[in-house]
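**Student:** Here you go, this is entry34.txt (compact mmCIF, C-alpha atoms).
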# COMPACT_ATOMS: atom_id res chain seq x y z
CA MET A 266 -73.08 -48.81 32.35
CA ASP A 267 -75.44 -46.50 30.51
CA THR A 268 -73.74 -47.04 27.15
CA ARG A 269 -75.75 -44.32 25.37
CA THR A 270 -74.61 -41.57 27.76
CA ILE A 271 -71.11 -40.11 27.80
CA VAL A 272 -70.44 -37.46 30.43
CA VAL A 273 -68.40 -34.67 28.83
CA LEU A 274 -65.90 -32.76 30.98
CA GLU A 275 -64.90 -29.47 29.39
CA GLY A 276 -61.38 -28.10 29.83
CA ASP A 277 -58.96 -25.29 29.12
CA GLN A 278 -57.13 -23.83 26.11
CA THR A 279 -56.40 -26.41 23.39
CA GLY A 280 -57.88 -29.05 25.66
CA GLN A 281 -61.31 -27.59 24.99
CA GLU A 282 -60.64 -27.14 21.27
CA LEU A 283 -59.63 -30.79 20.88
CA LEU A 284 -62.60 -31.94 22.93
CA GLU A 285 -64.95 -30.13 20.55
CA ALA A 286 -63.20 -31.79 17.59
CA SER A 287 -63.67 -35.24 19.16
CA LEU A 288 -67.35 -34.63 19.88
CA ARG A 289 -67.95 -34.14 16.16
CA VAL A 290 -67.39 -37.86 15.56
CA LEU A 291 -70.06 -38.75 18.15
CA GLN A 292 -72.91 -36.90 16.43
CA PRO A 293 -75.96 -38.90 15.23
CA ASP A 294 -75.32 -38.10 11.56
CA VAL A 295 -71.89 -39.74 11.92
CA VAL A 296 -72.37 -42.78 14.20
CA GLY A 297 -76.00 -43.37 13.26
CA PHE A 298 -77.56 -43.17 16.72
CA GLU A 299 -78.21 -40.61 19.44
CA LEU A 300 -75.88 -40.26 22.39
CA ALA A 301 -76.68 -38.21 25.47
CA LEU A 302 -73.72 -35.91 26.13
CA PRO A 303 -74.28 -34.02 29.41
CA ARG A 304 -71.56 -31.39 29.84
CA PHE A 305 -69.72 -30.10 32.89
CA ASP A 306 -67.46 -27.04 32.74
CA LEU A 307 -64.16 -27.99 34.38
CA SER A 308 -62.31 -24.93 33.12
CA LEU A 309 -60.01 -23.29 35.65
CA GLY A 310 -62.35 -20.35 36.25
CA THR A 311 -65.35 -22.52 37.06
CA ARG A 312 -63.33 -24.81 39.30
CA ARG A 313 -62.15 -21.78 41.26
CA THR A 314 -65.62 -20.24 41.43
CA THR A 315 -67.17 -23.46 42.73
CA SER A 316 -64.19 -24.46 44.92
CA ASN A 317 -64.02 -27.69 42.91
CA GLY A 318 -67.72 -28.39 43.50
CA ILE A 319 -68.18 -28.78 39.74
CA VAL A 320 -65.51 -31.51 39.72
CA HIS A 321 -67.31 -33.54 42.38
CA GLU A 322 -70.57 -33.07 40.47
CA ALA A 323 -68.99 -34.31 37.25
CA ALA A 324 -67.49 -37.31 39.03
CA ARG A 325 -70.91 -38.28 40.40
CA ALA A 326 -72.33 -38.16 36.90
CA ILE A 327 -69.60 -40.48 35.58
CA ALA A 328 -70.13 -42.85 38.50
CA ASP A 329 -73.87 -42.89 37.72
CA HIS A 330 -73.59 -43.38 33.94
CA GLY A 331 -70.28 -45.21 33.63
CA LEU A 332 -68.56 -43.33 30.78
CA GLY A 333 -66.75 -39.99 30.75
CA LEU A 334 -64.75 -38.02 28.17
CA LYS A 335 -62.43 -35.40 29.66
CA ALA A 336 -60.60 -32.49 28.04
CA ALA A 337 -57.17 -31.41 29.24
CA THR A 338 -57.30 -28.90 32.10
CA ILE A 339 -54.92 -26.41 33.69
CA THR A 340 -53.44 -27.28 37.07
CA PRO A 341 -52.50 -24.02 38.81
CA GLU A 342 -49.09 -23.87 40.47
CA GLY A 343 -50.01 -22.08 43.70
CA ARG A 344 -49.87 -24.13 46.90
CA ASP A 345 -53.16 -22.63 48.11
CA ASP A 346 -54.97 -22.85 44.77
CA ILE A 347 -57.55 -25.50 43.80
CA GLY A 348 -55.05 -28.04 42.46
CA SER A 349 -55.66 -30.68 39.81
CA PRO A 350 -59.17 -32.00 39.11
CA ASN A 351 -57.73 -35.38 38.18
CA ARG A 352 -57.13 -36.53 41.75
CA ILE A 353 -60.71 -35.65 42.72
CA LEU A 354 -62.15 -37.41 39.68
CA ARG A 355 -60.11 -40.55 40.27
CA GLU A 356 -61.02 -40.78 43.94
CA ASP A 357 -64.71 -39.96 43.49
CA ILE A 358 -65.17 -42.34 40.55
CA GLY A 359 -63.33 -45.15 42.32
CA GLY A 360 -60.62 -45.33 39.68
CA LYS A 361 -57.87 -47.82 40.43
CA VAL A 362 -55.90 -48.14 37.19
CA ILE A 363 -54.76 -45.76 34.43
CA VAL A 364 -53.79 -47.35 31.10
CA ARG A 365 -51.84 -45.63 28.33
CA THR A 366 -50.66 -47.64 25.34
CA GLY A 367 -48.08 -46.51 22.84
CA ARG A 368 -48.71 -48.05 19.41
CA ARG A 369 -47.39 -47.63 15.89
CA ILE A 370 -48.92 -44.65 14.13
CA PRO A 371 -49.31 -45.63 10.46
CA GLY A 372 -46.72 -44.00 8.24
CA VAL A 373 -44.84 -42.48 11.19
CA LEU A 374 -41.35 -43.79 11.94
CA PRO A 375 -40.98 -44.69 15.64
CA VAL A 376 -37.89 -43.73 17.64
CA GLY A 377 -35.12 -46.25 18.28
CA GLY A 378 -36.70 -49.11 16.37
CA VAL A 379 -39.63 -49.49 18.78
CA HIS A 380 -42.45 -51.24 16.93
CA ALA A 381 -44.48 -53.45 19.30
CA PRO A 382 -47.13 -51.84 21.56
CA ILE A 383 -46.12 -50.76 25.07
CA SER A 384 -48.86 -50.36 27.69
CA VAL A 385 -48.16 -48.53 30.94
CA VAL A 386 -50.56 -49.65 33.68
CA ARG A 387 -50.24 -47.38 36.70
CA MET A 388 -52.10 -46.88 39.94
CA ALA A 389 -54.70 -44.13 39.64
CA VAL A 390 -54.77 -43.01 43.27
CA GLY A 391 -52.37 -42.75 46.18
CA ASP A 392 -48.57 -42.55 45.97
CA ALA A 393 -47.05 -39.17 45.07
CA TYR A 394 -50.33 -37.60 43.94
CA GLY A 395 -52.11 -38.32 47.19
CA ALA A 396 -49.23 -37.34 49.46
CA LYS A 397 -49.56 -35.05 52.45
CA GLU A 398 -46.97 -32.27 52.45
CA TRP A 399 -45.81 -29.71 54.97
CA ARG A 400 -42.82 -27.56 55.90
CA GLU A 401 -41.18 -26.80 59.20
CA GLY A 402 -38.56 -24.23 60.17
CA ASP A 403 -37.35 -21.04 58.49
CA GLY A 404 -34.57 -19.88 56.19
CA GLU A 405 -31.83 -22.37 55.45
CA ASP A 406 -33.12 -24.60 58.23
CA GLU A 407 -36.53 -25.01 56.59
CA VAL A 408 -37.39 -28.65 55.98
CA ALA A 409 -40.06 -30.05 53.64
CA PHE A 410 -41.85 -33.31 54.41
CA ARG A 411 -44.21 -35.56 52.50
CA THR A 412 -46.10 -38.66 53.54
CA GLU A 413 -47.05 -41.01 50.70
CA ARG A 414 -49.19 -44.10 50.86
CA ILE A 415 -50.23 -46.95 48.61
CA GLU A 416 -52.88 -49.56 49.26
CA ARG A 417 -52.68 -53.31 48.83
CA LYS A 418 -55.98 -53.37 46.89
CA ILE A 419 -54.69 -50.78 44.39
CA CYS A 420 -51.41 -52.67 43.94
CA HIS A 421 -53.45 -55.84 43.39
CA ALA A 422 -55.62 -54.14 40.75
CA VAL A 423 -52.59 -52.75 38.88
CA ALA A 424 -50.78 -56.09 38.87
CA GLU A 425 -53.81 -58.20 37.95
CA PHE A 426 -54.93 -55.79 35.22
CA ALA A 427 -51.39 -55.74 33.80
CA PHE A 428 -51.21 -59.53 33.53
CA ARG A 429 -54.67 -59.76 32.00
CA GLN A 430 -53.76 -57.02 29.50
CA ALA A 431 -50.58 -58.94 28.62
CA ASP A 432 -52.53 -62.16 28.23
CA ARG A 433 -55.04 -60.49 25.88
CA THR A 434 -52.36 -58.87 23.72
CA GLY A 435 -49.65 -61.52 23.68
CA ALA A 436 -47.32 -59.25 25.63
CA LYS A 437 -44.85 -59.74 28.43
CA VAL A 438 -45.12 -58.02 31.80
CA PHE A 439 -41.96 -55.95 32.13
CA GLY A 440 -40.52 -53.54 34.68
CA GLY A 441 -41.68 -52.64 38.15
CA PRO A 442 -40.95 -50.36 41.10
CA LYS A 443 -37.64 -49.74 42.90
CA TYR A 444 -38.36 -52.57 45.31
CA THR A 445 -34.72 -53.12 46.36
CA VAL A 446 -34.39 -49.61 47.78
CA SER A 447 -37.94 -49.48 49.13
CA PRO A 448 -38.90 -53.05 50.07
CA VAL A 449 -41.72 -51.99 52.40
CA TYR A 450 -43.38 -49.25 50.34
CA GLU A 451 -42.60 -50.02 46.68
CA GLY A 452 -42.13 -53.67 47.54
CA MET A 453 -45.90 -53.96 48.03
CA LEU A 454 -46.48 -53.54 44.29
CA LYS A 455 -43.68 -56.03 43.52
CA GLU A 456 -45.32 -58.56 45.87
CA GLU A 457 -48.60 -58.21 43.99
CA MET A 458 -46.80 -58.51 40.63
CA ASP A 459 -45.16 -61.76 41.77
CA ALA A 460 -48.52 -63.07 43.02
CA ALA A 461 -50.20 -62.18 39.71
CA ALA A 462 -47.39 -63.97 37.85
CA GLY A 463 -48.27 -67.08 39.84
CA ARG A 464 -51.92 -66.78 38.79
CA HIS A 465 -50.95 -66.27 35.13
CA PRO A 466 -48.09 -68.73 34.51
CA ASP A 467 -48.45 -68.52 30.71
CA VAL A 468 -47.71 -64.76 30.65
CA PRO A 469 -43.99 -63.97 30.25
CA TYR A 470 -42.77 -62.02 33.28
CA GLU A 471 -39.57 -59.97 33.36
CA PRO A 472 -39.44 -57.80 36.49
CA GLN A 473 -37.02 -54.87 36.44
CA LEU A 474 -36.30 -51.92 38.69
CA ILE A 475 -37.82 -48.68 37.43
CA ASP A 476 -34.46 -47.15 36.46
CA ALA A 477 -33.52 -50.30 34.54
CA THR A 478 -36.93 -50.20 32.88
CA PHE A 479 -36.17 -46.77 31.44
CA ALA A 480 -32.70 -47.89 30.34
CA LEU A 481 -33.93 -51.09 28.67
CA LEU A 482 -37.11 -49.67 27.17
CA ILE A 483 -35.75 -48.96 23.71
CA SER A 484 -33.48 -52.00 23.46
CA SER A 485 -36.35 -54.34 24.47
CA SER A 486 -38.21 -53.70 21.25
CA GLY A 487 -39.27 -57.21 20.26
CA ALA A 488 -42.46 -58.38 21.95
CA PRO A 489 -45.30 -56.15 23.15
CA MET A 490 -44.87 -55.06 26.76
CA VAL A 491 -47.12 -54.19 29.67
CA ILE A 492 -45.44 -52.21 32.44
CA PRO A 493 -47.08 -52.02 35.89
CA ALA A 494 -46.05 -48.89 37.78
CA LEU A 495 -46.60 -46.64 40.75
CA ASN A 496 -48.56 -43.47 40.07
CA ARG A 497 -45.78 -40.98 39.35
CA ASP A 498 -43.43 -43.56 37.84
CA GLY A 499 -46.16 -44.48 35.37
CA ASP A 500 -46.95 -40.85 34.61
CA ILE A 501 -43.34 -40.14 33.65
CA LEU A 502 -42.95 -43.46 31.85
CA SER A 503 -46.00 -42.95 29.64
CA ASP A 504 -44.77 -39.47 28.71
CA LEU A 505 -41.66 -41.20 27.36
CA VAL A 506 -43.37 -44.19 25.77
CA LEU A 507 -45.93 -42.29 23.67
CA PRO A 508 -43.40 -40.00 21.91
CA LEU A 509 -41.33 -43.10 21.03
CA PHE A 510 -44.12 -43.87 18.56
CA GLY A 511 -44.09 -40.40 17.01
CA SER A 512 -46.34 -38.15 19.12
CA ILE A 513 -47.76 -37.90 22.63
CA ALA A 514 -51.05 -37.19 20.84
CA GLY A 515 -51.06 -40.66 19.30
CA SER A 516 -52.93 -42.53 22.03
CA GLU A 517 -55.75 -42.20 24.53
CA SER A 518 -55.52 -42.49 28.31
CA LEU A 519 -58.08 -44.60 30.19
CA LEU A 520 -59.01 -44.38 33.87
CA VAL A 521 -60.68 -47.64 34.92
CA ALA A 522 -62.84 -48.10 38.03
CA PHE A 523 -63.72 -51.52 39.42
CA GLY A 524 -66.29 -52.80 41.85
CA ASP A 525 -66.08 -55.72 44.22
CA GLU A 526 -66.43 -58.21 41.35
CA GLY A 527 -62.79 -57.73 40.28
CA VAL A 528 -60.82 -56.19 37.43
CA ASP A 529 -62.73 -58.03 34.71
CA ARG A 530 -65.85 -55.96 35.39
CA PRO A 531 -65.20 -52.20 35.12
CA THR A 532 -67.85 -50.01 36.73
CA ALA A 533 -66.73 -46.76 35.05
CA LEU A 534 -64.32 -45.56 32.37
CA MET A 535 -63.02 -42.05 31.83
CA ALA A 536 -61.04 -41.39 28.67
CA GLU A 537 -58.84 -38.41 27.85
CA ALA A 538 -55.74 -37.44 25.93
CA ALA A 539 -52.42 -38.03 27.65
CA HIS A 540 -51.17 -34.55 26.75
CA GLY A 541 -51.82 -31.17 28.35
CA THR A 542 -53.43 -27.90 27.28
CA ALA A 543 -50.61 -26.61 24.99
CA PRO A 544 -51.31 -22.89 25.52
CA ALA A 545 -48.88 -21.87 22.74
CA LEU A 546 -51.15 -23.60 20.20
CA GLU A 547 -54.47 -22.21 21.44
CA GLY A 548 -56.67 -20.65 18.77
CA LYS A 549 -54.33 -21.55 15.90
CA ASP A 550 -56.19 -24.64 14.62
CA VAL A 551 -52.95 -26.64 14.53
CA ALA A 552 -53.16 -28.97 17.58
CA ASN A 553 -53.54 -32.70 16.95
CA PRO A 554 -57.02 -34.01 17.93
CA MET A 555 -56.02 -37.63 17.36
CA ALA A 556 -55.73 -38.65 21.03
CA MET A 557 -59.09 -37.09 21.95
CA ILE A 558 -60.79 -38.77 18.98
CA LEU A 559 -59.24 -42.11 19.95
CA ALA A 560 -60.44 -41.50 23.53
CA ALA A 561 -64.01 -41.13 22.27
CA ALA A 562 -63.60 -44.28 20.16
CA ALA A 563 -62.26 -46.21 23.17
CA LEU A 564 -65.33 -45.39 25.26
CA LEU A 565 -67.64 -46.71 22.54
CA ALA A 566 -65.47 -49.80 22.08
CA HIS A 567 -65.75 -50.63 25.79
CA ALA A 568 -69.53 -50.16 25.86
CA ASP A 569 -71.79 -53.18 26.35
CA ASP A 570 -73.60 -52.41 23.11
CA GLU A 571 -72.80 -53.89 19.69
CA GLU A 572 -73.80 -50.73 17.80
CA CYS A 573 -71.56 -48.60 20.03
CA GLN A 574 -68.68 -51.04 19.64
CA GLN A 575 -69.01 -50.95 15.86
CA ALA A 576 -68.99 -47.15 15.88
CA GLY A 577 -65.91 -47.15 18.11
CA ARG A 578 -64.13 -49.46 15.70
CA ALA A 579 -65.09 -47.29 12.73
CA ILE A 580 -63.81 -44.11 14.40
CA ARG A 581 -60.53 -45.75 15.35
CA GLU A 582 -59.95 -47.22 11.90
CA ALA A 583 -60.90 -43.94 10.23
CA THR A 584 -58.44 -42.02 12.40
CA LEU A 585 -55.51 -44.34 11.73
CA GLU A 586 -56.29 -44.65 8.03
CA ALA A 587 -56.40 -40.87 7.68
CA VAL A 588 -52.92 -40.62 9.21
CA ALA A 589 -51.65 -43.47 7.03
CA GLU A 590 -52.79 -41.63 3.92
CA GLY A 591 -51.04 -38.40 4.84
CA ILE A 592 -53.75 -36.48 6.70
CA ARG A 593 -51.50 -35.30 9.53
CA THR A 594 -51.00 -32.33 11.80
CA ALA A 595 -47.67 -30.56 12.27
CA ASP A 596 -46.48 -32.77 15.15
CA LEU A 597 -46.56 -35.68 12.68
CA SER A 598 -44.76 -33.62 10.00
CA GLY A 599 -48.02 -32.85 8.22
CA HIS A 600 -49.79 -29.72 7.05
CA HIS A 601 -53.39 -30.30 8.14
CA GLY A 602 -55.01 -28.38 10.98
CA THR A 603 -57.26 -29.50 13.80
CA THR A 604 -60.48 -28.88 11.86
CA ALA A 605 -59.25 -30.46 8.64
CA PHE A 606 -58.11 -33.61 10.43
CA ALA A 607 -61.45 -33.93 12.26
CA ASP A 608 -63.29 -33.31 8.96
CA GLU A 609 -61.49 -36.26 7.40
CA VAL A 610 -62.16 -38.59 10.33
CA VAL A 611 -65.85 -37.66 10.28
CA ARG A 612 -66.06 -38.32 6.54
CA ARG A 613 -64.29 -41.66 6.76
CA THR A 614 -66.27 -42.83 9.81
CA ARG A 615 -69.58 -42.02 8.16
CA THR A 616 -68.55 -43.85 4.98
CA LYS A 617 -67.35 -46.93 6.87
CA LEU A 618 -70.56 -47.29 8.84
CA GLU A 619 -72.68 -46.80 5.72
CA VAL A 620 -70.72 -49.49 3.86
CA TRP A 621 -70.86 -51.91 6.78
CA ALA A 622 -74.63 -51.39 7.09
CA ALA A 623 -75.03 -52.30 3.42
CA LEU A 624 -73.11 -55.57 3.65
How would this structure read if it were set down as structure tokens?
**Tutor:**
Amino acid sequence: MDTRTIVVLEGDQTGQELLEASLRVLQPDVVGFELALPRFDLSLGTRRTTSNGIVHEAARAIADHGLGLKAATITPEGRDDIGSPNRILREDIGGKVIVRTGRRIPGVLPVGGVHAPISVVRMAVGDAYGAKEWREGDGEDEVAFRTERIERKICHAVAEFAFRQADRTGAKVFGGPKYTVSPVYEGMLKEEMDAAAGRHPDVPYEPQLIDATFALLISSSGAPMVIPALNRDGDILSDLVLPLFGSIAGSESLLVAFGDEGVDRPTALMAEAAHGTAPALEGKDVANPMAMILAAAALLAHADDEECQQAGRAIREATLEAVAEGIRTADLSGHHGTTAFADEVVRRTRTKLEVWAAL
């Protein structure tokens, strides 16, 4: 990876506002070194004008450099419109796994007594989001069809990554697909989970059907958990897990691409917030930039460069410490705006790095 280049994917509405807030913490006068930040406009208008050509161009840049930071974008509803850029990005980059981790937000009371981290590891491509759809017939006799597919290599990547994540964090692997109802399709992921459990005998393994996973999520609040999932199951699950810790804006989302060497050697990472564009908050300076700032920090932390890693750690610590000391936006029952929160993270990051350099 080119650890001093982060490809920036611009977005829509508050997505763009929060992206700009996160980019402030990556400036040379904050982190202490220069980062190249080539930008690609993935706003809805540009995607329509270029027929998604700009999305393919941005994906090539991430594949070339290895790191990408993406703002939230609008997905139009029309069947004949340009669709979501996320599917194109994932396929073009070679993304196999999406990881979203719910963690305690300092000073914020979680829901239902959930305290230990919960990571949702889902397949990045295929399944519901890569399905072919069509309709036949008219009127009340009209029938809608969809053909979904998952691949053994993607199931393998999800399962193996989940067990390695659990091993690193002292977590148990929990949950799984509805393999009893769908032994051929969803059973493929369960087969790979069982195989990964055999390769990692020291990792606690508690397979559950997806509906039981939802039901047991809050009551299983002891040890940290890693939950492997199909694409749409994981999407829905992470939208539940993150608010359990206080806000969907409390954690970053990572798309991970792997080469032939295996899941221990990522070839590209794209980070973003797990939330959408929040049009009702646009232009009001009230949206929470925390997830986008943590996304930027995560990219630096995964870089193969000690200076970048240190900056990523400083940004992350500064963000969480600011929240712990009452610098919070409205979704966390605070009174600070987007700009004020970013101001505080910038100040704290700069101070941390200056102090560490003096030690």
**Student:** Pull the closest atom pair for each residue of region 309-372 of chain A that gets at most 9 Å from region 378-388 of chain A, along with the distance in Å to one decimal, counting only C-alpha atoms, ordering rows by chain and then ascending residue number, as CSV.
**Tutor:**
residue,atom,partner,partner_atom,distance
A:Gly360,CA,A:Met388,CA,8.7
A:Lys361,CA,A:Met388,CA,5.9
A:Val362,CA,A:Met388,CA,4.9
A:Ile363,CA,A:Arg387,CA,5.3
A:Val364,CA,A:Val386,CA,4.7
A:Arg365,CA,A:Val385,CA,5.4
A:Thr366,CA,A:Ser384,CA,4.0
A:Gly367,CA,A:Ile383,CA,5.2
A:Arg368,CA,A:Pro382,CA,4.6
A:Arg369,CA,A:His380,CA,6.2
**Student:** Between A:Ser447, A:Gly527, A:Val373, A:Leu302, which has the minimum distance to Glu285 (chain A) (counting all atoms listed in the file)?
**Tutor:** A:Leu302
**Student:** Separation of CA of Ala556 (chain A) and CA of Thr478 (chain A), in Å?
**Tutor:**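 CA of Thr478 (chain A) lies 25.0 Å from CA of Ala556 (chain A).
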**Student:** Just the residues within 10 Å of region 393-405 of chain A, please, counting all atoms listed in the file, with nothing from its chain fewer than 2 positions along; format it as number ranges by chain.
**Tutor:** A: 349, 351-352, 356, 389-391, 407-415, 495-498
**Student:** Pick from A:Thr314, A:Thr268, A:Thr614, A:Asn553: nearest to Leu597 (chain A), with only C-alpha atoms counted?
**Tutor:**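 Under the stated criterion, the closest residue is A:Asn553.
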**Student:** Pick from A:Glu275, A:Glu586, A:Asp329, A:Asp294: nearest to Thr311 (chain A), with only C-alpha atoms counted?
**Tutor:**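 Of the candidates, the smallest distance to Thr311 (chain A) is held by A:Glu275.
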**Student:** Rebuild region 509-532 of chain A to N, CA and C atoms - output it as a short mmCIF file (atom, residue, chain, number, x, y, z; two decimals), in the coordinates of the input, please.
**Tutor:**
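As a result, part.cif now contains:
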data_model
loop_
_atom_site.label_atom_id
_atom_site.label_comp_id
_atom_site.auth_asym_id
_atom_site.auth_seq_id
_atom_site.Cartn_x
_atom_site.Cartn_y
_atom_site.Cartn_z
N LEU A 509 -42.14 -42.11 21.75
CA LEU A 509 -41.33 -43.10 21.03
C LEU A 509 -42.02 -43.54 19.74
N PHE A 510 -43.35 -43.45 19.73
CA PHE A 510 -44.12 -43.87 18.56
C PHE A 510 -44.45 -42.71 17.63
N GLY A 511 -43.95 -41.52 17.93
CA GLY A 511 -44.09 -40.40 17.01
C GLY A 511 -44.75 -39.17 17.57
N SER A 512 -45.66 -39.32 18.56
CA SER A 512 -46.34 -38.15 19.12
C SER A 512 -47.04 -38.55 20.41
N ILE A 513 -47.01 -37.65 21.39
CA ILE A 513 -47.76 -37.90 22.63
C ILE A 513 -49.26 -37.83 22.36
N ALA A 514 -49.64 -37.27 21.21
CA ALA A 514 -51.05 -37.19 20.84
C ALA A 514 -51.51 -38.41 20.06
N GLY A 515 -50.73 -39.49 20.10
CA GLY A 515 -51.06 -40.66 19.30
C GLY A 515 -51.87 -41.72 20.02
N SER A 516 -52.21 -41.49 21.29
CA SER A 516 -52.93 -42.53 22.03
C SER A 516 -53.79 -41.92 23.12
N GLU A 517 -54.85 -42.62 23.47
CA GLU A 517 -55.75 -42.20 24.53
C GLU A 517 -55.24 -42.67 25.89
N SER A 518 -55.80 -42.08 26.94
CA SER A 518 -55.52 -42.49 28.31
C SER A 518 -56.84 -42.90 28.94
N LEU A 519 -56.85 -44.08 29.60
CA LEU A 519 -58.08 -44.60 30.19
C LEU A 519 -57.94 -44.75 31.70
N LEU A 520 -58.87 -44.14 32.44
CA LEU A 520 -59.01 -44.38 33.87
C LEU A 520 -60.08 -45.45 34.04
N VAL A 521 -59.76 -46.52 34.77
CA VAL A 521 -60.68 -47.64 34.92
C VAL A 521 -61.05 -47.81 36.40
N ALA A 522 -62.34 -47.85 36.67
CA ALA A 522 -62.84 -48.10 38.03
C ALA A 522 -63.41 -49.50 38.09
N PHE A 523 -63.22 -50.17 39.23
CA PHE A 523 -63.72 -51.52 39.42
C PHE A 523 -64.57 -51.60 40.68
N GLY A 524 -65.51 -52.52 40.65
CA GLY A 524 -66.29 -52.80 41.85
C GLY A 524 -65.73 -53.99 42.60
N ASP A 525 -66.53 -54.59 43.43
CA ASP A 525 -66.08 -55.72 44.22
C ASP A 525 -65.93 -56.99 43.40
N GLU A 526 -66.46 -57.00 42.17
CA GLU A 526 -66.43 -58.21 41.35
C GLU A 526 -65.04 -58.49 40.79
N GLY A 527 -64.14 -57.51 40.80
CA GLY A 527 -62.79 -57.73 40.28
C GLY A 527 -62.51 -56.92 39.04
N VAL A 528 -61.27 -57.06 38.52
CA VAL A 528 -60.82 -56.19 37.43
C VAL A 528 -61.41 -56.55 36.08
N ASP A 529 -62.12 -57.68 35.99
CA ASP A 529 -62.73 -58.03 34.71
C ASP A 529 -64.09 -57.37 34.52
N ARG A 530 -64.56 -56.62 35.51
CA ARG A 530 -65.85 -55.96 35.39
C ARG A 530 -65.74 -54.48 35.77
N PRO A 531 -65.29 -53.63 34.83
CA PRO A 531 -65.20 -52.20 35.12
C PRO A 531 -66.57 -51.60 35.43
N THR A 532 -66.61 -50.70 36.40
CA THR A 532 -67.85 -50.01 36.73
C THR A 532 -67.91 -48.62 36.10
#
